[in-house]
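Below is model_29.cif, holding mmCIF, C-alpha atoms.
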data_data
loop_
_atom_site.label_atom_id
_atom_site.label_comp_id
_atom_site.auth_asym_id
_atom_site.auth_seq_id
_atom_site.Cartn_x
_atom_site.Cartn_y
_atom_site.Cartn_z
CA MET Q 1 0.00 0.00 0.00
CA ASN Q 2 1.26 3.49 -0.85
CA SER Q 3 2.30 5.36 2.30
CA ASN Q 4 0.13 8.35 1.32
CA TYR Q 5 -3.04 6.26 1.06
CA GLU Q 6 -3.79 6.40 4.75
CA GLY Q 7 -3.73 10.20 4.76
CA PHE Q 8 -6.01 10.25 1.74
CA ILE Q 9 -8.55 7.89 3.36
CA LYS Q 10 -8.57 9.98 6.54
CA LEU Q 11 -9.63 13.05 4.53
CA LEU Q 12 -12.28 11.02 2.72
CA ASP Q 13 -13.61 9.67 6.02
CA LEU Q 14 -13.98 13.27 7.17
CA GLU Q 15 -15.81 13.96 3.88
CA ASP Q 16 -13.56 16.97 3.39
CA LYS Q 17 -13.88 17.43 -0.34
CA ASP Q 18 -11.52 20.42 -0.71
CA LYS Q 19 -8.67 18.82 1.18
CA SER Q 20 -9.18 15.40 -0.46
CA VAL Q 21 -9.04 16.92 -3.96
CA ASN Q 22 -5.99 19.07 -3.14
CA TYR Q 23 -4.23 16.14 -1.50
CA ALA Q 24 -4.70 13.88 -4.54
CA LEU Q 25 -3.70 16.56 -7.04
CA GLU Q 26 -0.64 17.50 -5.01
CA LEU Q 27 0.49 13.86 -5.10
CA LEU Q 28 0.32 14.02 -8.89
CA LYS Q 29 1.97 17.44 -9.22
CA SER Q 30 4.85 16.49 -6.95
CA LYS Q 31 5.17 13.19 -8.86
CA LYS Q 32 4.84 11.20 -5.67
CA VAL Q 33 2.39 9.00 -7.57
CA THR Q 34 1.67 8.39 -11.24
CA LEU Q 35 -1.79 8.71 -12.72
CA GLU Q 36 -2.08 4.93 -12.86
CA GLU Q 37 -1.12 4.66 -9.19
CA LEU Q 38 -3.61 7.33 -8.21
CA TYR Q 39 -6.42 5.52 -10.04
CA LEU Q 40 -5.55 1.96 -8.98
CA ASP Q 41 -4.06 2.44 -5.52
CA PHE Q 42 -6.09 5.40 -4.26
CA LEU Q 43 -9.37 6.07 -6.06
CA ALA Q 44 -10.48 2.49 -6.84
CA PRO Q 45 -9.82 1.04 -3.36
CA ALA Q 46 -11.34 4.10 -1.70
CA LEU Q 47 -14.61 3.06 -3.36
CA THR Q 48 -14.42 -0.73 -3.32
CA THR Q 49 -13.25 -1.01 0.28
CA PHE Q 50 -15.75 1.51 1.64
CA VAL Q 51 -17.40 -0.02 4.71
CA CYS Q 52 -20.28 1.59 6.50
CA GLN Q 53 -20.07 1.64 10.29
CA GLU Q 54 -22.89 -0.16 12.13
CA LYS Q 55 -24.05 3.04 13.84
CA GLU Q 56 -24.26 4.79 10.46
CA LYS Q 57 -26.21 2.05 8.67
CA GLU Q 58 -29.22 4.27 8.05
CA ILE Q 59 -27.14 6.87 6.22
CA CYS Q 60 -24.90 4.39 4.44
CA ILE Q 61 -26.05 5.21 0.92
CA TRP Q 62 -25.75 8.91 1.58
CA LYS Q 63 -22.17 8.46 2.83
CA GLU Q 64 -21.25 6.22 -0.08
CA HIS Q 65 -22.62 8.75 -2.55
CA THR Q 66 -20.73 11.58 -0.83
CA ARG Q 67 -17.50 9.62 -1.19
CA THR Q 68 -18.28 8.80 -4.82
CA SER Q 69 -18.88 12.49 -5.49
CA ILE Q 70 -15.46 13.42 -4.08
CA ILE Q 71 -13.75 10.66 -6.08
CA ARG Q 72 -15.52 11.80 -9.23
CA THR Q 73 -14.29 15.38 -8.75
CA ILE Q 74 -10.72 14.17 -8.28
CA LEU Q 75 -11.05 11.99 -11.36
CA GLU Q 76 -12.29 14.86 -13.52
CA CYS Q 77 -9.51 17.11 -12.18
CA THR Q 78 -6.88 14.63 -13.37
CA TYR Q 79 -7.91 15.02 -17.00
CA PRO Q 80 -5.26 17.72 -17.77
CA PHE Q 81 -2.63 15.26 -16.54
CA VAL Q 82 -4.05 12.65 -18.93
CA ILE Q 83 -3.81 15.15 -21.83
CA GLU Q 84 -0.22 15.94 -20.90
CA ARG Q 85 0.74 12.25 -20.77
CA ARG Q 86 -1.17 11.42 -23.95
CA ASN Q 87 0.96 13.84 -25.96
CA GLU Q 88 3.99 11.72 -25.11
CA ILE Q 89 2.36 8.37 -25.95
CA LYS Q 90 2.61 6.60 -29.28
CA LYS Q 91 -0.84 6.34 -30.82
CA LEU Q 92 -2.23 2.88 -31.58
CA HIS Q 93 -4.77 4.13 -34.15
CA LYS Q 94 -7.47 2.01 -32.54
CA LYS Q 95 -10.84 3.36 -31.45
CA VAL Q 96 -12.68 2.31 -28.34
CA VAL Q 97 -16.15 3.33 -27.14
CA ILE Q 98 -16.80 3.04 -23.41
CA LEU Q 99 -20.20 3.05 -21.71
CA THR Q 100 -22.46 1.66 -19.06
CA PRO Q 101 -25.81 0.13 -20.13
CA SER Q 102 -29.27 1.55 -19.45
CA GLU Q 103 -30.18 1.86 -15.77
CA GLU Q 104 -26.51 1.47 -14.81
CA TYR Q 105 -25.55 4.68 -13.02
CA HIS Q 106 -22.22 3.56 -11.54
CA GLU Q 107 -19.73 5.14 -13.90
CA ILE Q 108 -16.53 5.85 -11.97
CA GLY Q 109 -15.01 2.56 -13.18
CA ALA Q 110 -15.90 3.38 -16.77
CA ILE Q 111 -14.33 6.85 -16.52
CA ILE Q 112 -11.12 5.41 -15.02
CA VAL Q 113 -10.98 2.81 -17.79
CA ASN Q 114 -11.50 5.59 -20.35
CA HIS Q 115 -8.45 7.38 -18.98
CA PHE Q 116 -6.46 4.14 -19.02
CA PHE Q 117 -7.30 3.55 -22.67
CA MET Q 118 -6.06 7.07 -23.48
CA LEU Q 119 -2.85 6.46 -21.53
CA ALA Q 120 -2.35 3.23 -23.47
CA GLY Q 121 -2.56 5.09 -26.82
CA PHE Q 122 -6.14 4.32 -27.84
CA GLU Q 123 -8.53 6.88 -29.30
CA SER Q 124 -11.06 6.51 -26.53
CA GLN Q 125 -14.57 7.91 -26.24
CA TYR Q 126 -16.68 7.62 -23.11
CA ILE Q 127 -20.28 7.96 -24.25
CA GLY Q 128 -21.81 7.94 -20.78
CA ALA Q 129 -23.72 6.03 -18.14
CA ASN Q 130 -27.27 4.70 -18.52
CA THR Q 131 -26.94 4.35 -22.30
CA PRO Q 132 -29.96 2.75 -24.04
CA LYS Q 133 -29.29 -0.31 -26.20
CA ASN Q 134 -30.32 1.31 -29.47
CA ASP Q 135 -28.16 4.38 -28.79
CA ILE Q 136 -25.19 2.09 -28.22
CA LEU Q 137 -25.76 0.35 -31.53
CA MET Q 138 -26.12 3.76 -33.24
CA ALA Q 139 -22.89 4.94 -31.63
CA VAL Q 140 -21.08 1.84 -32.88
CA LYS Q 141 -22.43 2.50 -36.36
CA ALA Q 142 -21.46 6.18 -36.32
CA TYR Q 143 -18.14 5.96 -34.53
CA GLN Q 144 -16.99 2.65 -36.06
CA PRO Q 145 -14.83 1.65 -33.13
CA ASP Q 146 -12.49 -1.32 -33.01
CA PHE Q 147 -13.60 -2.04 -29.44
CA VAL Q 148 -16.66 -1.46 -27.26
CA ALA Q 149 -16.01 -1.55 -23.51
CA ILE Q 150 -19.02 -2.07 -21.22
CA SER Q 151 -18.83 -1.51 -17.48
CA VAL Q 152 -21.54 -3.15 -15.34
CA THR Q 153 -21.94 -2.94 -11.55
CA ASN Q 154 -25.54 -3.97 -10.75
CA TYR Q 155 -25.99 -7.66 -11.55
CA TYR Q 156 -29.51 -7.16 -12.87
CA ASN Q 157 -27.96 -5.12 -15.68
CA ILE Q 158 -26.30 -8.26 -17.01
CA VAL Q 159 -29.71 -8.92 -18.61
CA ILE Q 160 -29.59 -5.82 -20.82
CA THR Q 161 -25.83 -6.23 -21.30
CA LYS Q 162 -26.47 -9.61 -22.92
CA GLN Q 163 -28.91 -7.98 -25.34
CA ILE Q 164 -26.33 -5.30 -26.15
CA THR Q 165 -23.43 -7.67 -26.70
CA ASP Q 166 -25.61 -10.04 -28.78
CA GLY Q 167 -26.71 -7.00 -30.84
CA ILE Q 168 -23.15 -5.83 -31.42
CA LYS Q 169 -21.95 -9.32 -32.38
CA LYS Q 170 -24.88 -9.75 -34.77
CA ASN Q 171 -24.62 -6.36 -36.47
CA TYR Q 172 -20.92 -5.55 -36.12
CA PRO Q 173 -19.08 -8.89 -35.84
CA ASN Q 174 -15.66 -7.27 -36.29
CA VAL Q 175 -16.04 -5.06 -33.24
CA LYS Q 176 -14.31 -6.56 -30.21
CA ILE Q 177 -16.26 -6.47 -26.95
CA ILE Q 178 -14.59 -5.76 -23.62
CA VAL Q 179 -16.55 -6.23 -20.40
CA GLY Q 180 -15.72 -5.50 -16.78
CA GLY Q 181 -17.18 -4.48 -13.44
CA GLN Q 182 -18.50 -5.92 -10.19
CA ALA Q 183 -21.54 -7.54 -11.87
CA PHE Q 184 -19.32 -10.09 -13.60
CA LEU Q 185 -18.20 -11.46 -10.26
CA GLN Q 186 -21.60 -13.19 -9.89
CA HIS Q 187 -21.85 -16.89 -10.76
CA GLY Q 188 -22.49 -17.52 -14.43
CA ALA Q 189 -22.43 -13.87 -15.47
CA ILE Q 190 -19.27 -13.75 -17.57
CA ASP Q 191 -19.86 -17.18 -19.16
CA GLN Q 192 -23.18 -16.12 -20.66
CA ILE Q 193 -22.14 -12.82 -22.21
CA SER Q 194 -20.57 -12.55 -25.67
CA HIS Q 195 -17.19 -10.93 -25.17
CA ASP Q 196 -13.64 -10.92 -26.44
CA TYR Q 197 -11.93 -9.54 -23.34
CA TYR Q 198 -12.84 -9.61 -19.67
CA MET Q 199 -11.09 -6.88 -17.70
CA GLN Q 200 -10.69 -7.62 -14.00
CA LYS Q 201 -8.78 -4.42 -13.37
CA ALA Q 202 -8.30 -1.17 -15.27
CA SER Q 203 -4.63 -1.88 -15.93
CA ASP Q 204 -5.67 -4.88 -18.10
CA VAL Q 205 -6.01 -2.19 -20.79
CA PHE Q 206 -2.23 -2.35 -21.24
CA MET Q 207 -2.41 -6.08 -22.03
CA ILE Q 208 -5.01 -5.37 -24.71
CA ALA Q 209 -2.79 -2.57 -26.04
CA LYS Q 210 0.16 -4.96 -26.21
CA GLU Q 211 -1.94 -7.41 -28.19
CA VAL Q 212 -3.06 -4.89 -30.83
CA LYS Q 213 0.32 -3.21 -31.32
CA MET S 1 -28.33 -26.92 0.07
CA PRO S 2 -30.41 -29.72 -1.50
CA ASN S 3 -32.73 -28.97 -4.39
CA VAL S 4 -36.35 -28.51 -3.41
CA MET S 5 -37.56 -28.45 -7.00
CA GLU S 6 -36.07 -29.67 -10.27
CA LEU S 7 -37.13 -29.49 -13.89
CA LYS S 8 -35.48 -31.88 -16.34
CA GLU S 9 -35.79 -31.42 -20.11
CA ILE S 10 -39.24 -29.86 -19.82
CA THR S 11 -41.04 -29.19 -23.07
CA LYS S 12 -44.58 -27.92 -23.51
CA ILE S 13 -46.55 -28.05 -26.72
CA TYR S 14 -50.07 -26.69 -26.95
CA GLY S 15 -52.58 -27.91 -29.56
CA THR S 16 -52.83 -31.07 -31.60
CA LYS S 17 -53.55 -30.16 -35.22
CA ILE S 18 -51.77 -26.86 -35.02
CA GLN S 19 -49.01 -27.22 -32.51
CA THR S 20 -47.33 -24.37 -30.67
CA GLN S 21 -44.23 -25.21 -28.70
CA VAL S 22 -43.85 -22.88 -25.72
CA LEU S 23 -41.02 -24.49 -23.74
CA PHE S 24 -37.95 -26.17 -25.20
CA GLY S 25 -36.01 -28.60 -22.99
CA ILE S 26 -35.87 -26.49 -19.83
CA ASN S 27 -33.48 -27.69 -17.10
CA LEU S 28 -33.68 -25.82 -13.82
CA ALA S 29 -33.06 -26.63 -10.18
CA PHE S 30 -33.95 -24.54 -7.14
CA GLU S 31 -32.08 -24.91 -3.88
CA GLU S 32 -33.92 -25.08 -0.58
CA GLY S 33 -34.19 -21.62 0.98
CA SER S 34 -33.15 -19.77 -2.17
CA PHE S 35 -34.76 -16.55 -3.42
CA ASN S 36 -35.16 -16.65 -7.21
CA SER S 37 -36.63 -14.36 -9.82
CA ILE S 38 -37.77 -15.39 -13.28
CA ILE S 39 -37.99 -12.62 -15.84
CA GLY S 40 -38.85 -12.47 -19.51
CA GLN S 41 -40.94 -10.57 -22.00
CA SER S 42 -44.64 -11.28 -22.49
CA GLY S 43 -45.03 -14.51 -24.45
CA SER S 44 -41.60 -15.79 -23.47
CA GLY S 45 -43.11 -18.84 -21.74
CA LYS S 46 -42.54 -17.81 -18.13
CA SER S 47 -46.19 -18.16 -17.04
CA THR S 48 -46.37 -21.62 -18.65
CA LEU S 49 -43.19 -22.44 -16.76
CA LEU S 50 -44.73 -21.25 -13.48
CA ASN S 51 -47.85 -23.34 -14.08
CA ILE S 52 -45.68 -26.39 -14.67
CA LEU S 53 -43.52 -25.61 -11.61
CA GLY S 54 -46.69 -25.39 -9.55
CA SER S 55 -48.04 -28.62 -11.06
CA LEU S 56 -51.09 -26.67 -12.24
CA ASP S 57 -50.26 -27.89 -15.74
CA ARG S 58 -48.42 -31.00 -16.98
CA PRO S 59 -45.48 -30.76 -19.39
CA THR S 60 -45.57 -32.51 -22.77
CA ALA S 61 -42.28 -34.17 -21.91
CA GLY S 62 -39.72 -34.07 -19.13
CA ASP S 63 -39.63 -34.60 -15.38
CA ILE S 64 -40.61 -32.42 -12.44
CA ILE S 65 -39.24 -33.35 -9.06
CA ILE S 66 -40.83 -31.64 -6.06
CA ASN S 67 -39.40 -32.38 -2.63
CA GLY S 68 -37.61 -35.41 -4.08
CA LYS S 69 -40.77 -36.86 -5.68
CA ASN S 70 -41.03 -37.25 -9.44
CA THR S 71 -44.53 -36.03 -10.31
CA LYS S 72 -44.75 -37.98 -13.56
CA SER S 73 -46.13 -41.15 -12.01
CA LEU S 74 -48.47 -39.44 -9.54
CA SER S 75 -52.25 -39.56 -9.91
CA SER S 76 -54.18 -36.30 -9.99
CA LYS S 77 -55.12 -36.76 -6.33
CA GLU S 78 -51.52 -37.50 -5.28
CA LEU S 79 -50.28 -34.54 -7.29
CA SER S 80 -52.88 -32.30 -5.72
CA ASP S 81 -51.85 -33.46 -2.22
CA LEU S 82 -48.16 -32.89 -2.97
CA ARG S 83 -48.97 -29.41 -4.30
CA ASN S 84 -51.07 -28.47 -1.27
CA GLU S 85 -48.44 -29.54 1.21
CA SER S 86 -45.37 -28.24 -0.65
CA ILE S 87 -46.33 -25.12 -2.59
CA GLY S 88 -47.91 -21.80 -1.71
CA PHE S 89 -49.11 -19.46 -4.44
CA ILE S 90 -49.16 -15.68 -4.64
CA PHE S 91 -50.68 -14.07 -7.70
CA GLN S 92 -50.75 -10.54 -9.11
CA PHE S 93 -54.41 -10.31 -8.12
CA HIS S 94 -54.91 -11.43 -4.53
CA TYR S 95 -58.07 -13.57 -5.11
CA LEU S 96 -59.25 -12.94 -1.55
CA LEU S 97 -62.89 -13.66 -0.79
CA PRO S 98 -64.29 -10.14 -0.29
CA GLU S 99 -67.04 -11.06 2.17
CA PHE S 100 -64.57 -12.74 4.54
CA THR S 101 -62.21 -11.09 7.00
CA ALA S 102 -58.43 -11.10 6.65
CA LEU S 103 -58.17 -13.84 9.27
CA GLU S 104 -60.85 -15.97 7.62
CA ASN S 105 -59.09 -15.63 4.27
CA VAL S 106 -55.80 -16.74 5.80
CA LEU S 107 -57.54 -19.79 7.29
CA MET S 108 -59.16 -20.67 3.96
CA PRO S 109 -56.53 -23.19 2.73
CA TYR S 110 -57.02 -25.04 6.01
CA ARG S 111 -60.79 -24.97 5.72
CA ILE S 112 -60.56 -26.31 2.16
CA SER S 113 -58.49 -29.24 3.38
CA LYS S 114 -61.41 -29.93 5.77
CA LYS S 115 -59.14 -30.21 8.77
CA PRO S 116 -60.46 -28.89 12.09
CA ILE S 117 -59.46 -25.33 13.03
CA THR S 118 -57.74 -26.02 16.32
CA LYS S 119 -56.39 -23.40 18.70
CA GLU S 120 -52.91 -24.07 17.33
CA VAL S 121 -54.11 -23.47 13.78
CA LEU S 122 -55.83 -20.25 14.81
CA ASP S 123 -52.74 -19.10 16.68
CA TYR S 124 -50.62 -19.81 13.61
CA ALA S 125 -52.96 -17.80 11.37
CA ASN S 126 -52.78 -14.91 13.84
CA GLU S 127 -48.99 -15.20 13.92
CA LEU S 128 -48.86 -15.04 10.12
CA LEU S 129 -51.03 -11.92 10.15
CA ASP S 130 -48.67 -10.47 12.72
CA ILE S 131 -45.68 -11.26 10.48
CA VAL S 132 -47.28 -9.45 7.57
CA GLY S 133 -48.11 -6.51 9.87
CA LEU S 134 -51.90 -6.78 9.80
CA THR S 135 -52.82 -7.75 13.35
CA LYS S 136 -54.80 -4.55 13.87
CA VAL S 137 -56.96 -5.08 10.80
CA LYS S 138 -57.28 -8.87 10.92
CA ASN S 139 -61.05 -8.69 11.47
CA ASN S 140 -61.64 -6.25 8.61
CA LEU S 141 -63.37 -7.55 5.53
CA ALA S 142 -60.97 -8.05 2.63
CA ILE S 143 -63.02 -5.64 0.52
CA ASN S 144 -62.30 -2.84 3.00
CA MET S 145 -58.51 -3.17 2.81
CA SER S 146 -55.98 -1.33 0.61
CA GLY S 147 -54.28 -3.09 -2.32
CA GLY S 148 -51.04 -3.48 -0.36
CA GLN S 149 -52.90 -4.89 2.66
CA GLN S 150 -54.85 -7.33 0.49
CA GLN S 151 -51.64 -8.60 -1.06
CA ARG S 152 -50.11 -9.06 2.39
CA VAL S 153 -53.17 -11.11 3.42
CA ALA S 154 -52.64 -13.22 0.29
CA ILE S 155 -49.00 -13.74 1.33
CA ALA S 156 -50.06 -14.84 4.82
CA ARG S 157 -52.61 -17.18 3.23
CA SER S 158 -49.93 -18.73 1.01
CA LEU S 159 -47.99 -19.67 4.16
CA MET S 160 -50.89 -21.28 6.00
CA ASN S 161 -49.98 -24.84 5.04
CA ASN S 162 -46.26 -24.32 5.83
CA PRO S 163 -45.14 -24.79 2.22
CA LYS S 164 -41.47 -25.29 1.44
CA ILE S 165 -41.87 -23.37 -1.80
CA ILE S 166 -43.72 -20.17 -2.67
CA LEU S 167 -44.47 -19.52 -6.32
CA ALA S 168 -45.33 -15.90 -6.97
CA ASP S 169 -46.64 -14.58 -10.27
CA GLU S 170 -46.12 -10.81 -10.48
CA PRO S 171 -46.81 -10.33 -6.74
CA THR S 172 -46.21 -6.58 -6.97
CA GLY S 173 -47.79 -6.05 -10.38
CA ASN S 174 -50.73 -4.08 -8.98
CA LEU S 175 -48.86 -2.15 -6.30
CA ASP S 176 -47.26 1.29 -6.05
CA SER S 177 -43.54 1.58 -5.32
CA ASP S 178 -43.91 1.93 -1.52
CA SER S 179 -46.16 -1.13 -1.28
CA THR S 180 -43.82 -3.01 -3.63
CA GLU S 181 -40.94 -2.36 -1.25
CA GLN S 182 -43.03 -3.49 1.75
CA VAL S 183 -44.05 -6.70 -0.03
CA TYR S 184 -40.43 -7.41 -1.02
CA GLU S 185 -39.24 -6.88 2.57
CA LEU S 186 -41.98 -9.22 3.74
CA LEU S 187 -41.06 -11.97 1.27
CA ARG S 188 -37.44 -11.69 2.34
CA LYS S 189 -38.39 -11.84 6.00
CA ILE S 190 -40.34 -15.07 5.38
CA ASN S 191 -37.43 -16.43 3.34
CA HIS S 192 -35.03 -15.81 6.26
CA GLN S 193 -37.41 -16.77 9.06
CA PHE S 194 -38.85 -20.00 7.63
CA GLY S 195 -36.21 -20.91 5.03
CA THR S 196 -38.98 -20.88 2.42
CA THR S 197 -37.84 -21.12 -1.19
CA PHE S 198 -39.17 -18.32 -3.37
CA ILE S 199 -39.63 -18.45 -7.13
CA ILE S 200 -40.97 -15.11 -8.29
CA ILE S 201 -42.03 -14.24 -11.80
CA THR S 202 -41.72 -10.51 -12.13
CA HIS S 203 -41.48 -7.59 -14.50
CA ASP S 204 -40.48 -5.43 -11.57
CA ARG S 205 -36.80 -4.57 -11.75
CA HIS S 206 -36.74 -3.60 -8.06
CA ILE S 207 -37.77 -7.12 -7.07
CA ALA S 208 -35.63 -8.98 -9.61
CA GLU S 209 -32.41 -7.13 -8.83
CA LYS S 210 -32.76 -7.95 -5.13
CA ALA S 211 -33.25 -11.67 -5.76
CA ASP S 212 -30.28 -13.98 -5.23
CA ARG S 213 -30.73 -15.43 -8.68
CA ILE S 214 -32.13 -14.14 -11.96
CA VAL S 215 -33.35 -16.56 -14.63
CA GLU S 216 -34.34 -14.98 -17.92
CA ILE S 217 -36.68 -16.91 -20.22
CA LYS S 218 -36.64 -16.01 -23.87
CA ASP S 219 -38.59 -17.79 -26.62
CA GLY S 220 -39.22 -20.75 -24.32
CA ARG S 221 -35.56 -21.25 -23.43
CA ILE S 222 -33.30 -20.14 -20.61
CA ASN S 223 -31.47 -17.14 -21.99
CA LEU S 224 -29.61 -16.20 -18.84
CA ASP S 225 -29.14 -17.70 -15.40
CA ILE S 226 -27.00 -15.79 -12.89
CA THR S 227 -26.62 -16.15 -9.15
CA LYS S 228 -25.19 -13.65 -6.70
CA ALA S 229 -21.77 -14.79 -5.56
CA ASN S 230 -22.61 -14.33 -1.88
CA ALA S 231 -26.11 -15.87 -2.08
#
Final structure tokens representation of the file:
Amino acid sequence: MNSNYEGFIKLLDLEDKDKSVNYALELLKSKKVTLEELYLDFLAPALTTFVCQEKEKEICIWKEHTRTSIIRTILECTYPFVIERRNEIKKLHKKVVILTPSEEYHEIGAIIVNHFFMLAGFESQYIGANTPKNDILMAVKAYQPDFVAISVTNYYNIVITKQITDGIKKNYPNVKIIVGGQAFLQHGAIDQISHDYYMQKASDVFMIAKEVK
Amino acid sequence: MPNVMELKEITKIYGTKIQTQVLFGINLAFEEGSFNSIIGQSGSGKSTLLNILGSLDRPTAGDIIINGKNTKSLSSKELSDLRNESIGFIFQFHYLLPEFTALENVLMPYRISKKPITKEVLDYANELLDIVGLTKVKNNLAINMSGGQQQRVAIARSLMNNPKIILADEPTGNLDSDSTEQVYELLRKINHQFGTTFIIITHDRHIAEKADRIVEIKDGRINLDITKANA
């Protein structure tokens, strides 16, 4: 664990947005951490390891959403750093569209993955959360990506994800499908979805990049 | 956990001259104490599946095993007995008898079986009404209750014979979102308290996403079958 993580979590526990954002950005500016480290070792675990205290059970969702809001702000604030790094990276000339399916509002993972694709040299487009199936198929038609990456958290949304991936495979068989997210940890979920790549962590993007180089 | 209900290679064909196949070789097993949802578009075959699960209809081919008993060789009477002792039903419409009170409606499955209403039976019916939160209105006529209350009476009624399995067909289909949440909490409470297995056909996302397992039926086949890792 990075030695600065504890300090970061303390600020998040206090729900001090200003200090949390400044702390994270300062780590980047002073090059104490890389963008990848910030995403994988700070932001992702701050969300996935969030545990609600017993006495706060009734306000758990509120607290989780507050934390998510702070993480999202930090994530958006790192975009200039992504631009700066991207200028130094050799382009792969491969397009990827990233999204979450309809009714899926958890999008932090998808945004992090979007940044990772950019850092790996892809031309990456995040088209948003809660994206209806037909709009996804239209986006694939219009944007003509090489890859579509779908992030799913709520396991019920595997149902619509199957419709989406079946639709993409039927209409655009050359487009490679990448899936990832908490929903695929449920029994049987990944086996029943058409996909070419299953990402268990955001840094798996670099393995895909290596393959297409 | 052992399976409380199993379907093996179930097919269902309606009609003789003009045949319509509704189910195609369905294999499904439900573990004791599990909380399952079955989803699918209208016409997908899910209601036919529920009727077959509940032994209200016989399949054209295949085996149904309820509580370890293969129903194929059972007579209508034996099948009816197995159904009454093993399965409780909850429907979208409550089918309460309007001129009877909540308590009398809950006791109805017992009255139908022509067993005497002992003190123990009456106490159990009252306990069920307490579980569903209707003690205060137990002597109200069903017709004078709200939709949510009527459905809760129907849930208590489905438990009267201590079934191991509850089959529910759109149990929240007629309810607003608050009542839907109350009914879900109630079904879960029963699931935890009695270890009752639930198989719920639903269009309601809020019910399906909280189930431990989602089975999607499409064109008479299982399109998707996922179980929560911690279920």
Interface rows for chain S against chain Q: nearest pair, Å to one decimal, 12 Å, all atoms listed in the file, as CSV:
residue,atom,partner,partner_atom,distance
S:Ser37,CA,Q:Tyr156,CA,10.6
S:Ile38,CA,Q:Val159,CA,11.6
S:Ile39,CA,Q:Val159,CA,9.5
S:Gly40,CA,Q:Val159,CA,9.8
S:Gln41,CA,Q:Val159,CA,11.8
S:Asp204,CA,Q:Tyr156,CA,11.2
S:Arg205,CA,Q:Tyr156,CA,7.8
S:His206,CA,Q:Tyr156,CA,9.4
S:Ile207,CA,Q:Tyr156,CA,10.1
S:Ala208,CA,Q:Tyr156,CA,7.2
S:Glu209,CA,Q:Tyr156,CA,5.0
S:Lys210,CA,Q:Tyr156,CA,8.4
S:Ala211,CA,Q:Tyr156,CA,9.2
S:Asp212,CA,Q:Gln186,CA,9.9
S:Arg213,CA,Q:His187,CA,9.2
S:Ile214,CA,Q:Tyr156,CA,7.5
S:Val215,CA,Q:Val159,CA,9.4
S:Glu216,CA,Q:Val159,CA,7.7
S:Ile217,CA,Q:Val159,CA,10.7
S:Lys218,CA,Q:Val159,CA,11.2
S:Ile222,CA,Q:Gln192,CA,10.9
S:Asn223,CA,Q:Gln192,CA,8.5
S:Leu224,CA,Q:Gln192,CA,6.7
S:Asp225,CA,Q:Gly188,CA,6.7
S:Ile226,CA,Q:Gly188,CA,5.1
S:Thr227,CA,Q:His187,CA,5.1
S:Lys228,CA,Q:Gln186,CA,4.8
S:Ala229,CA,Q:Gln186,CA,4.6
S:Asn230,CA,Q:Gln186,CA,8.2
S:Ala231,CA,Q:Gln186,CA,9.4
- Message: To one decimal place in Å, what is the distance between atom CA of Q:Gly128 and atom CA of Q:Ile98?
- Response: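 Those two atoms sit 7.5 Å apart.
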query: Could you write out as a PyMOL selection string the residues that the PyMOL selection byres ((chain Q and resi 6-15) around 8) matches in the shown file?
result: chain Q and resi 3-5+16-17+19-20+23-24+42+46+66-67+70
Enumerate, as a ChimeraX atom specification, the residues matched when the PyMOL selection byres ((chain S and resi 147-159) around 7) is run on the file above. /S:88-90,94,96,102,105-107,128-129,132,142,145-146,160-163,175,179,183
Atom CA of Q:Asn2 to atom CA of Q:Leu43 measures 12.1 Å
### Straight-line distance linking atom CA of S:Val137 with atom CA of S:Thr101, stated in Å to one decimal
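For atom CA of S:Val137 relative to atom CA of S:Thr101, the distance reads 8.8 Å.
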Picked residues, the PyMOL selection byres ((chain Q and resi 104) around 9), as a PDB file with C-alpha atoms, in the coordinates of the input:
ATOM      1  CA  THR Q 100     -22.460   1.660 -19.060  1.00  0.00           C
ATOM      2  CA  PRO Q 101     -25.810   0.130 -20.130  1.00  0.00           C
ATOM      3  CA  SER Q 102     -29.270   1.550 -19.450  1.00  0.00           C
ATOM      4  CA  GLU Q 103     -30.180   1.860 -15.770  1.00  0.00           C
ATOM      5  CA  TYR Q 105     -25.550   4.680 -13.020  1.00  0.00           C
ATOM      6  CA  HIS Q 106     -22.220   3.560 -11.540  1.00  0.00           C
ATOM      7  CA  GLU Q 107     -19.730   5.140 -13.900  1.00  0.00           C
ATOM      8  CA  ALA Q 129     -23.720   6.030 -18.140  1.00  0.00           C
ATOM      9  CA  ASN Q 130     -27.270   4.700 -18.520  1.00  0.00           C
ATOM     10  CA  THR Q 131     -26.940   4.350 -22.300  1.00  0.00           C
ATOM     11  CA  SER Q 151     -18.830  -1.510 -17.480  1.00  0.00           C
ATOM     12  CA  VAL Q 152     -21.540  -3.150 -15.340  1.00  0.00           C
ATOM     13  CA  THR Q 153     -21.940  -2.940 -11.550  1.00  0.00           C
ATOM     14  CA  ASN Q 154     -25.540  -3.970 -10.750  1.00  0.00           C
ATOM     15  CA  ASN Q 157     -27.960  -5.120 -15.680  1.00  0.00           C
TER      16      ASN Q 157
END
>> Residues within 7 Å of (-48.5, -5.8, -9.4), file coordinates, counting all atoms listed in the file: what are they? Give the list as number ranges by chain.
In response: S: 92, 170-175
Keeping only C-alpha atoms, take the residues you just selected and write them out as a PDB file, in the coordinates of the input.
ATOM      1  CA  GLN S  92     -50.750 -10.540  -9.110  1.00  0.00           C
ATOM      2  CA  GLU S 170     -46.120 -10.810 -10.480  1.00  0.00           C
ATOM      3  CA  PRO S 171     -46.810 -10.330  -6.740  1.00  0.00           C
ATOM      4  CA  THR S 172     -46.210  -6.580  -6.970  1.00  0.00           C
ATOM      5  CA  GLY S 173     -47.790  -6.050 -10.380  1.00  0.00           C
ATOM      6  CA  ASN S 174     -50.730  -4.080  -8.980  1.00  0.00           C
ATOM      7  CA  LEU S 175     -48.860  -2.150  -6.300  1.00  0.00           C
TER       8      LEU S 175
END
